[in-house]
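Undergrad: Could you have a look at this structure, given as structure tokens, before my questions?
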Amino acid sequence: MKKIILSLLATAIGLASSAQTKWSVDPTHSNVKFSVSHMVISEVEGSFSGFEGTLDAPSADFNNSSINFSVNVGSINTNSEQRDGHLKSPDFFDVAKYPAMTFTSASFKKTTGNNYKLEGNLTIKGVTKKVTFDVTYGGTVKDPYGNIKAGFKAKGAIKRMEYGLTWSALTEAGGMIVGDDVAIMLNIELVKAK
């Protein structure tokens with residue numbers, strides 16, 4: 001009886017470990033974008049070209065996965081060298097002192113269908129705050145090179161001033177030139193470790 005129990009336990013452990021999969025972000029097929037209001041009347045969009053991330057999935061449906069993500073803040077691009085230089089300065093990101101922003105998940109839960117809720121801690125400029133993202137799973141496929149890929153879209157929002165990005169100026173009407181609310185959009189393609 002003891003041998004049977006040990007055998008079943010070993011099988012269960014083996015199945016659990018085989019279900020655990022590791023994934024990494026494919027940066028050439030992913031993007032990290034943001035949008036913030038400008039002078040109250042319009043939006044300025046930007047992106048980061050330097051980023052990396054991992055996902056550890058305990059099950060095939062990705063529920064309860066653990067996610068870590070890092071962005072090279074110096075890779076910011078808003079299609080304006082002058083504006084990008086200002087964003088890298090101490091007025092905003094202070095890239096020389098804080099070269100990366102990081103995210104560590106606390107919870108990744110399937111809600112309905114292909115929708116998930118991602119919660120975790122986002123650190124920008126040395127300040128860590130809890131954030132929530134709405135995530136949509138696009139599916140899993142094998143690419144022409146035999147790699148297993150999975151796609152996700154994530155949307156969230158933060159208040160930049162809570163992270164010490166406090167530079168501000170006012171329009172003639174009294175509105176902020178750069179808004180406080182920043183929308184974040186990520187299109188992420190993951191590749192499964194072999």
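Ordering of the structure tokens sets the chain letters (A, B, ...), residue numbers begin anew at 1 in every chain, and ligands are numbered from 1 in the order given.
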Identify, on the basis of only C-alpha atoms, every residue whose closest approach to Asp61 in chain A does not exceed 12 Å; exclude the query and any residue fewer than 4 positions from it along the same chain; express the result as an MDAnalysis selection string.
TA: chainID A and resid 19:21 56:57 65 108:116 137:140 150
Undergrad: Report as a list in words all protein, DNA and RNA residues lying within 10 Å of Thr104 in chain A, evaluated on only C-alpha atoms, omitting residues in the same chain fewer than 6 positions from it.
TA: Gly53, Ser66, Ile67, Asn68, Phe69, Ser70, Glu119, Gly120, Asn121, Leu122, Thr123 and Lys130 of chain A
Undergrad: Residues within 9 Å of Ile188 in chain A, please, as an MDAnalysis selection string. Count only C-alpha atoms; anything in the same chain fewer than 5 positions from it doesn't count.
TA: chainID A and resid 25:27 29:32 150:154
Undergrad: Please, which residues of chain A, numbered as in this document, come out strand (DSSP E or B) from DSSP, as an NGL selection string?
TA: :A and (21-25 or 31-38 or 42-48 or 51-57 or 66-72 or 76-77 or 100-110 or 115-124 or 127-142 or 148-159 or 170 or 176 or 178-192)
Undergrad: Go ahead and compute the interatomic distance for CA of Tyr98 in chain A and CA of Asn77 in chain A, in Å to one decimal.
TA: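 Computing the Euclidean distance for CA of Tyr98 in chain A and CA of Asn77 in chain A yields 17.0 Å.
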Undergrad: Ranking A:Val71, A:Val44, A:Ile148, A:Ala96 by minimum distance to Lys194 in chain A and counting only C-alpha atoms, which one comes first?
TA: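 Selected residue with least distance to Lys194 in chain A: A:Ile148.
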